Amino acid sequence: MTGLAVDDAAWSSAWRRRSPGDKLLLCGGLVGCALVLPAWPGSVLVGLVAVGLALGPARVPARTFGRAVRLPLAFVTVGALTAVVSVSGDGLGWAPDAASRAASLLGHSVAGGAAVLLLATTTPMSDLLPALRRLRVPAAVVEVASVVYRLLFVLLQSLRTIREAQTARMGHSSLRRSYRSTGVLAAAVLTRSWDRARRMQEGLAGRGMETGLRVLPEVLPSSRAFLATSVTGLAGIVAASVLVP
Amino acid sequence: MSHRHLTAEALVAGYERGRPVLDGASLTVPAGRRLAVLGANGSGKTTLLRCLSGALRPAAGTVALDGVPLEHSRRGLRAHRQEVQLVLQDPDDQLFSASVAQDVSFGPLNLGLPEDDVRARVAEALALLAVDSLAARPTHQLSFGERKRVAIAGAVAMRPCVLLLDEPTAGLDPSAVAETLAALARLQEHDSTVVMSTHDVDLALRWADEVAVVVDRAVVQGEPQDVLGDDGLLVRARLERPWTLTVGARLRDLGLLTGPSLPRDAAGLLAALPEHPGVLS
Amino acid sequence: MSHRHLTAEALVAGYERGRPVLDGASLTVPAGRRLAVLGANGSGKTTLLRCLSGALRPAAGTVALDGVPLEHSRRGLRAHRQEVQLVLQDPDDQLFSASVAQDVSFGPLNLGLPEDDVRARVAEALALLAVDSLAARPTHQLSFGERKRVAIAGAVAMRPCVLLLDEPTAGLDPSAVAETLAALARLQEHDSTVVMSTHDVDLALRWADEVAVVVDRAVVQGEPQDVLGDDGLLVRARLERPWTLTVGARLRDLGLLTGPSLPRDAAGLLAALPEHPGVLS
Amino acid sequence: MHIAEGFLPAGHAVGWTVAAAPFVVHGARAVVKEVRENPESTLLLGAAGAFTFVLSAIKLPSVTGSSSHPTGTGAGAILFRPPVMALLGTVVLLFQALLLAHGGLTTLGANAFAFAVVGPWVGYGTYRLTRWLGGGLLPGVFAGMVLADLATYVTTSLQLALAFPDATTGLAGAAAKFLGVFALTQIPLAIGEGLLGVLLFRVLTVN
């Protein structure tokens, strides 16, 4: 079954049955620290904690986490370099503290990314989306997002299979053909998505759909111990960053 | 749940390029029993099931539950759906949630049941279809056969009196077919009527109590061995003769089979053969 | 076209949640003959076919054509695809164009052939698959069985030496299955090798010259009656025993069957039975 | 390309969230209203969102061999209109941030402003303008998608410039830098996305 590595990890992680609210608090706190605290030692601590928790108690596969953490690096490196290069009438140069500024940017970003990745690899989207209701997001929007989550895997699979079928018949053997085939591919996926929505309308009408896609929320109880440890840990990171020069 | 009689009378429905797929089709669904609806692809099996479930409004003719005609009003359809549920051939047409348990809860919630009842029904449906172990997995990770059973669970959770299944075994390998049939058997301990459409004549012969063949835009209904032994009908319907009837008939001509009627499956055939060579009638 | 030998050696491929679906799978496709690849859903049949066609690059092991290993370079794959074509299970994954003729011309056009050659190949492919009457029709108007045959025509128009088909009869009613098998027979008059994957053991027994069962992440290959008569293998592979072998074995024990080997289909079984009662060995 | 997690300073992250909020809320209201009137539209909107997500997963063939992905905002804006795209685009961004590590949660506001607000409006506006000036469907689609793509990248570049003014030349210099690195290099890819749109709509209108 094709899927996305992060999503697979979320469904089988050891922290799957923890309350999404608990995990949001922890990861939200970590991201906040990564952003607000100075890169040293704040971001470094956040990064270590996030990676440590992911590979340790949450039992996220190292390969998945490692790959995903590297994905934003291209943007971050280019962005950081662009920020610290200085242009003037005389040409290019380096801004003062270029190295430390760039390192700082890198640190904030990698740490923040790791913190969010901890959330993403331990909490499936279908657990997170209902949590949005608590942020006053309307039910209709949450339901639409849930359908997006269900359908995107179906369409991704179609994308891969159709492209493979096109490649087998040499549809991508030259640049021109590849473009034409890609256009056809996009059209095929769009047609599939419309078709699927239309068929689901009838299928769900038969199951009594009238005003919405209401489902029974899953019971994922919160853990006082988890919350307490998280808050303590976050406080520790803040304290360390404030105290260490 | 008490038995309810579902009938269709003189249906005209399913227009394709100007002509109706069904024209004068009538059917009586035997309460509490197993009915197989047979026909070639495109013959109108799905159209018939959709008319029976209320999903499709026929151009003429009536569908009735216990003699009361189905009204295609909001109220009428809602009442009908509580008794008659249709599981479509493609499970992805009915599975909208990434979570298996949440998807199955959709139907009971739409019936307006309180949360505890819904939870109980979901657990019961998942167990009946033997998909309770999948409740923690997302829908998109399940195999085709597993998704088919989750879709059936979604319908079963509404506790309909009549369960209609459109080609429930299409695309399934032999072990998955066996699991599905076992699940349907468990269901029928709870007194429901099961109707399945298929083009697999051997399956129909061994599973069904009654058989209805969709042919020439209408329906011919009867006992499995009668209907499926009628060669003229099978040719018109573009179906094959079940092998047990063919081989059984020949063995009976050779005087080798005991028993009043021809066997309906391999086990029955082997059982009706003599134990040792040399024993002939 | 000359016969080409397609082989797979010790394939490791198809990772799903960390484990490979195939581990040490080897297969020899007999040139110019019919090979059925059997296995339960999820066993690795599709993965095996995708490795053989070059669509999937195995993590370990080799695929070779006439002993020359397949290189997963642009050039290597291009050459391979001209000899080996795979038709997927869902025709809608392969039909992109507005009309049938347009779709079948996709492959030959991409090969860079001149227009006249393309036209000729399209006509030939449509005729072989008996869909020439549908040439101008839009693909979405065709029935499922017709679309499956158009998808096969699209691959055939590339004139591959080896044609791989993933579950070509899945979802087809008996008459459509017969049409597809007839089309494949016409193809083989042109000297091609046909490999089909299926979980229908009866079909495999009556159609194939050789059978390969995908079981326990590897492949067991052999003569149909040997492989499909091996009960231990069938149980491990989650397949059923073909009914002709079961019934045939019993009839042979009763001394009723003539002939050296067990029959492979209903016609063979009936032919091997005595004409009149009372004739026993 | 979305701004990665943690890359924007806190103040800017909050500021852009505030800037994008009214548009996203307006889009959410439109969705709620639509769903109330037609409950089945939940499924259509969900399919639209899933398509936009998957569209950005398509690899655009390129001469250099390196792959790039369409933003998808232009096609979405023309197919589904900008107000709904503000909401759908934000949902897609959320999924991309969590499932693909593309973009971020703290940068969701900034990315939404570029990808779900500016991009779609520029794309849709260009499309309508082109048609009003007499162009057909396909030229309209081409212009709309190219400019939607470019507008998204220009906005992102300016957001970065605002956050990281140049040491010597300040905002203007930073703008020049980031535009040069992100937007200028994007031009051939934006044209590629426009071509993709033309092909996509051509297939759709023929069938």
# chains A, B, ... in the order shown; residues from 1 in each chain; ligands from 1
call {"tool": "select_by_dssp", "arguments": {"residues": "stretch 91-232 of chain A", "states": "alpha helix (DSSP H)", "output": "VMD selection string"}}
result
chain A and resid 98 to 120 125 to 131 139 to 168 175 to 205 224 to 232
call {"tool": "interface_residues", "arguments": {"of": "chain A", "to": "chain D", "cutoff": "6 Å", "atoms": "only C-alpha atoms", "output": "ChimeraX atom specification"}}
result
/A:6,35,83,86,88,95,108-109,112-113,120,140,144,147-148,151-152,183,187,193,197,211-212
call {"tool": "atom_distance", "arguments": {"atom1": "atom CA of D:Ala148", "atom2": "atom CA of D:Thr71"}}
result
8.5 Å
call {"tool": "interface_residues", "arguments": {"of": "chain C", "to": "chain B", "cutoff": "6 Å", "atoms": "only C-alpha atoms", "output": "CSV table (one decimal) with N, CA and C atoms, in the first residue's frame"}}
result
chain,number,residue,atom,x,y,z
C,40,ALA,N,-2.5,-15.4,-3.9
C,40,ALA,CA,-3.6,-14.7,-3.2
C,40,ALA,C,-3.3,-13.2,-3.4
C,170,ALA,N,-10.2,-10.4,-14.0
C,170,ALA,CA,-10.8,-10.0,-12.8
C,170,ALA,C,-12.0,-9.0,-13.1
C,171,GLY,N,-13.1,-9.3,-12.5
C,171,GLY,CA,-14.3,-8.4,-12.7
C,171,GLY,C,-15.0,-8.7,-14.0
C,173,ASP,N,-17.4,-10.9,-16.6
C,173,ASP,CA,-18.4,-12.0,-16.5
C,173,ASP,C,-18.0,-13.1,-17.5
C,199,HIS,N,-6.0,-15.3,-9.5
C,199,HIS,CA,-6.1,-16.2,-8.3
C,199,HIS,C,-7.2,-17.2,-8.6
C,254,LEU,N,-12.3,-44.4,-8.3
C,254,LEU,CA,-13.5,-45.3,-8.5
C,254,LEU,C,-13.3,-46.0,-9.8
C,277,PRO,N,-23.5,-46.3,-18.9
C,277,PRO,CA,-23.4,-46.9,-17.6
C,277,PRO,C,-22.9,-48.4,-17.7
call {"tool": "closest_atom_pairs", "arguments": {"of": "chain C", "to": "chain D", "cutoff": "9 Å", "atoms": "only C-alpha atoms", "output": "Markdown table"}}
result
| residue | atom | partner | partner_atom | distance |
| --- | --- | --- | --- | --- |
| C:Ser97 | CA | D:Val203 | CA | 8.4 |
| C:Ala98 | CA | D:Asn207 | CA | 6.1 |
| C:Pro138 | CA | D:Asn207 | CA | 8.4 |
call {"tool": "closest_atom_pairs", "arguments": {"of": "chain B", "to": "chain A", "cutoff": "10 Å", "atoms": "only C-alpha atoms", "output": "CSV"}}
result
residue,atom,partner,partner_atom,distance
B:Arg50,CA,A:Gly206,CA,9.5
B:Ser53,CA,A:Gly206,CA,7.8
B:Gly54,CA,A:Gly206,CA,8.0
B:Ala55,CA,A:Gly206,CA,6.4
B:Leu56,CA,A:Glu202,CA,9.7
B:Arg74,CA,A:Glu210,CA,9.8
B:Leu77,CA,A:Gly208,CA,9.0
B:Arg78,CA,A:Gly208,CA,7.0
B:Ala79,CA,A:Gly208,CA,10.0
B:His80,CA,A:Gly206,CA,10.0
B:Arg81,CA,A:Gly206,CA,6.9
B:Gln82,CA,A:Gly208,CA,8.6
B:Val84,CA,A:Gly206,CA,9.4
B:Gln85,CA,A:Gly206,CA,7.2
B:Leu86,CA,A:Gly206,CA,7.1
B:Val87,CA,A:Gly203,CA,8.2
B:Leu88,CA,A:Gly203,CA,7.2
B:Asp90,CA,A:Gly203,CA,9.5
B:Pro91,CA,A:Gly203,CA,9.1
B:Asp92,CA,A:Met200,CA,7.6
B:Asp93,CA,A:Met200,CA,4.5
B:Gln94,CA,A:Gly203,CA,4.9
B:Leu95,CA,A:Met200,CA,7.9
B:Phe96,CA,A:Arg150,CA,6.4
B:Ser97,CA,A:Arg150,CA,5.9
B:Ala98,CA,A:Arg150,CA,5.1
B:Ser99,CA,A:Ser126,CA,7.1
B:Ala101,CA,A:Leu216,CA,8.2
B:Gln102,CA,A:Val215,CA,5.4
B:Asp103,CA,A:Val215,CA,6.8
B:Val104,CA,A:Val215,CA,8.4
B:Ser105,CA,A:Val215,CA,5.9
B:Phe106,CA,A:Val215,CA,5.2
B:Gly107,CA,A:Arg207,CA,5.4
B:Pro108,CA,A:Arg207,CA,8.9
B:Leu109,CA,A:Val215,CA,7.0
B:Asn110,CA,A:Gly208,CA,5.7
B:Leu111,CA,A:Gly208,CA,7.5
B:Glu115,CA,A:Leu216,CA,7.4
B:Asp116,CA,A:Leu216,CA,9.9
B:Val118,CA,A:Leu216,CA,7.9
B:Arg119,CA,A:Leu216,CA,7.8
B:Val122,CA,A:Leu216,CA,9.8
B:Ala136,CA,A:Trp11,CA,7.9
B:Arg137,CA,A:Trp11,CA,6.9
B:Pro138,CA,A:Trp11,CA,7.4
B:Thr139,CA,A:Arg150,CA,7.8
B:His140,CA,A:Phe153,CA,6.5
B:Gln141,CA,A:Met1,CA,5.8
B:Leu142,CA,A:Met1,CA,7.6
B:Ser143,CA,A:Met1,CA,7.7
B:Gly154,CA,A:Arg207,CA,8.2
B:Ala155,CA,A:Arg207,CA,7.1
B:Met158,CA,A:Arg207,CA,8.4
call {"tool": "residues_around", "arguments": {"residues": "stretch 224-240 of chain A", "least_positions_apart": "6", "cutoff": "7 Å", "atoms": "only C-alpha atoms", "output": "number ranges by chain"}}
result
A: 22, 26, 29-30, 42, 45
call {"tool": "atom_distance", "arguments": {"atom1": "atom CA of D:Tyr153", "atom2": "atom CA of D:Ser56"}}
result
14.5 Å
call {"tool": "select_by_dssp", "arguments": {"residues": "stretch 70-154 of chain C", "states": "strand (DSSP E)", "output": "VMD selection string"}}
result
chain C and resid 84 to 87
call {"tool": "write_last_selection", "arguments": {"atoms": "N, CA, C and O atoms", "output": "PDB file, in the first residue's frame"}}
result
ATOM      1  N   VAL C  84       8.900  -6.056 -23.790  1.00  0.00           N
ATOM      2  CA  VAL C  84       8.056  -6.539 -22.698  1.00  0.00           C
ATOM      3  C   VAL C  84       7.047  -5.449 -22.330  1.00  0.00           C
ATOM      4  O   VAL C  84       7.433  -4.330 -22.002  1.00  0.00           O
ATOM      5  N   GLN C  85       5.763  -5.783 -22.398  1.00  0.00           N
ATOM      6  CA  GLN C  85       4.732  -4.811 -22.039  1.00  0.00           C
ATOM      7  C   GLN C  85       3.841  -5.372 -20.949  1.00  0.00           C
ATOM      8  O   GLN C  85       3.484  -6.555 -20.957  1.00  0.00           O
ATOM      9  N   LEU C  86       3.480  -4.520 -20.008  1.00  0.00           N
ATOM     10  CA  LEU C  86       2.617  -4.924 -18.897  1.00  0.00           C
ATOM     11  C   LEU C  86       1.281  -4.198 -18.992  1.00  0.00           C
ATOM     12  O   LEU C  86       1.246  -2.978 -19.143  1.00  0.00           O
ATOM     13  N   VAL C  87       0.185  -4.959 -18.933  1.00  0.00           N
ATOM     14  CA  VAL C  87      -1.152  -4.371 -18.907  1.00  0.00           C
ATOM     15  C   VAL C  87      -1.671  -4.462 -17.477  1.00  0.00           C
ATOM     16  O   VAL C  87      -1.764  -5.545 -16.913  1.00  0.00           O
TER      17      VAL C  87
END
call {"tool": "atom_distance", "arguments": {"atom1": "atom CA of B:Ala123", "atom2": "atom CA of B:Ala157"}}
result
8.7 Å
call {"tool": "closest_residue", "arguments": {"among": "A:Leu159, A:Ala68, A:Ala5, A:Met170", "to": "A:Ala188", "atoms": "only C-alpha atoms"}}
result
A:Leu159
call {"tool": "closest_residue", "arguments": {"among": "A:Ile162, A:Ala10, A:Ala103, A:Val87", "to": "A:Ala58", "atoms": "only C-alpha atoms"}}
result
A:Ala10
call {"tool": "decode", "arguments": {"residues": "stretch 24-97 of chain B", "atoms": "C-alpha atoms", "output": "mmCIF file, in the first residue's frame"}}
result
data_model
loop_
_atom_site.group_PDB
_atom_site.id
_atom_site.type_symbol
_atom_site.label_atom_id
_atom_site.label_comp_id
_atom_site.auth_asym_id
_atom_site.auth_seq_id
_atom_site.Cartn_x
_atom_site.Cartn_y
_atom_site.Cartn_z
ATOM 1 C CA GLY B 24 -41.013 -4.941 -16.460
ATOM 2 C CA ALA B 25 -38.695 -6.438 -13.853
ATOM 3 C CA SER B 26 -40.404 -7.948 -10.803
ATOM 4 C CA LEU B 27 -38.764 -9.580 -7.810
ATOM 5 C CA THR B 28 -39.778 -10.943 -4.422
ATOM 6 C CA VAL B 29 -37.026 -10.985 -1.828
ATOM 7 C CA PRO B 30 -37.674 -14.026 0.393
ATOM 8 C CA ALA B 31 -37.621 -12.800 4.000
ATOM 9 C CA GLY B 32 -34.842 -14.188 6.182
ATOM 10 C CA ARG B 33 -33.264 -16.160 3.348
ATOM 11 C CA ARG B 34 -30.432 -15.868 0.835
ATOM 12 C CA LEU B 35 -31.163 -14.542 -2.623
ATOM 13 C CA ALA B 36 -28.589 -14.421 -5.409
ATOM 14 C CA VAL B 37 -29.246 -12.022 -8.280
ATOM 15 C CA LEU B 38 -27.419 -13.281 -11.331
ATOM 16 C CA GLY B 39 -26.700 -11.655 -14.630
ATOM 17 C CA ALA B 40 -23.973 -10.633 -17.038
ATOM 18 C CA ASN B 41 -22.264 -7.293 -16.564
ATOM 19 C CA GLY B 42 -24.535 -4.550 -17.815
ATOM 20 C CA SER B 43 -27.650 -6.700 -17.528
ATOM 21 C CA GLY B 44 -29.216 -4.542 -14.849
ATOM 22 C CA LYS B 45 -28.228 -6.248 -11.598
ATOM 23 C CA THR B 46 -26.924 -3.028 -10.074
ATOM 24 C CA THR B 47 -29.894 -1.034 -11.341
ATOM 25 C CA LEU B 48 -32.229 -3.543 -9.715
ATOM 26 C CA LEU B 49 -30.438 -3.336 -6.383
ATOM 27 C CA ARG B 50 -30.406 0.442 -6.510
ATOM 28 C CA CYS B 51 -34.159 0.510 -7.088
ATOM 29 C CA LEU B 52 -34.680 -1.878 -4.178
ATOM 30 C CA SER B 53 -32.595 0.300 -1.853
ATOM 31 C CA GLY B 54 -34.232 3.530 -2.912
ATOM 32 C CA ALA B 55 -31.042 4.975 -4.379
ATOM 33 C CA LEU B 56 -32.629 5.026 -7.820
ATOM 34 C CA ARG B 57 -36.168 6.099 -8.518
ATOM 35 C CA PRO B 58 -37.662 3.897 -11.251
ATOM 36 C CA ALA B 59 -39.417 5.542 -14.187
ATOM 37 C CA ALA B 60 -42.309 3.133 -13.660
ATOM 38 C CA GLY B 61 -43.204 0.302 -11.304
ATOM 39 C CA THR B 62 -43.068 0.119 -7.517
ATOM 40 C CA VAL B 63 -40.792 -1.067 -4.763
ATOM 41 C CA ALA B 64 -42.622 -2.066 -1.598
ATOM 42 C CA LEU B 65 -41.738 -3.112 1.930
ATOM 43 C CA ASP B 66 -44.411 -5.352 3.492
ATOM 44 C CA GLY B 67 -46.748 -4.216 0.751
ATOM 45 C CA VAL B 68 -46.309 -0.509 1.495
ATOM 46 C CA PRO B 69 -44.962 1.257 -1.616
ATOM 47 C CA LEU B 70 -41.737 3.213 -1.186
ATOM 48 C CA GLU B 71 -42.259 6.965 -1.403
ATOM 49 C CA HIS B 72 -39.291 8.854 -2.793
ATOM 50 C CA SER B 73 -39.811 11.644 -0.293
ATOM 51 C CA ARG B 74 -37.244 12.593 2.329
ATOM 52 C CA ARG B 75 -39.310 10.856 5.010
ATOM 53 C CA GLY B 76 -40.052 7.801 2.944
ATOM 54 C CA LEU B 77 -36.456 7.256 1.969
ATOM 55 C CA ARG B 78 -35.222 7.773 5.490
ATOM 56 C CA ALA B 79 -37.623 5.141 6.806
ATOM 57 C CA HIS B 80 -36.695 2.800 3.972
ATOM 58 C CA ARG B 81 -32.974 3.125 4.634
ATOM 59 C CA GLN B 82 -33.427 2.000 8.200
ATOM 60 C CA GLU B 83 -34.654 -1.337 6.906
ATOM 61 C CA VAL B 84 -32.811 -1.771 3.617
ATOM 62 C CA GLN B 85 -29.110 -1.094 3.133
ATOM 63 C CA LEU B 86 -27.097 -1.408 -0.083
ATOM 64 C CA VAL B 87 -23.356 -2.047 -0.086
ATOM 65 C CA LEU B 88 -21.855 -0.897 -3.400
ATOM 66 C CA GLN B 89 -19.348 -2.866 -5.424
ATOM 67 C CA ASP B 90 -16.541 -0.326 -4.963
ATOM 68 C CA PRO B 91 -15.897 0.122 -1.232
ATOM 69 C CA ASP B 92 -14.235 3.491 -1.830
ATOM 70 C CA ASP B 93 -17.639 4.829 -2.884
ATOM 71 C CA GLN B 94 -18.777 4.467 0.709
ATOM 72 C CA LEU B 95 -15.663 4.793 2.869
ATOM 73 C CA PHE B 96 -15.137 8.484 3.493
ATOM 74 C CA SER B 97 -13.180 8.429 6.724
#
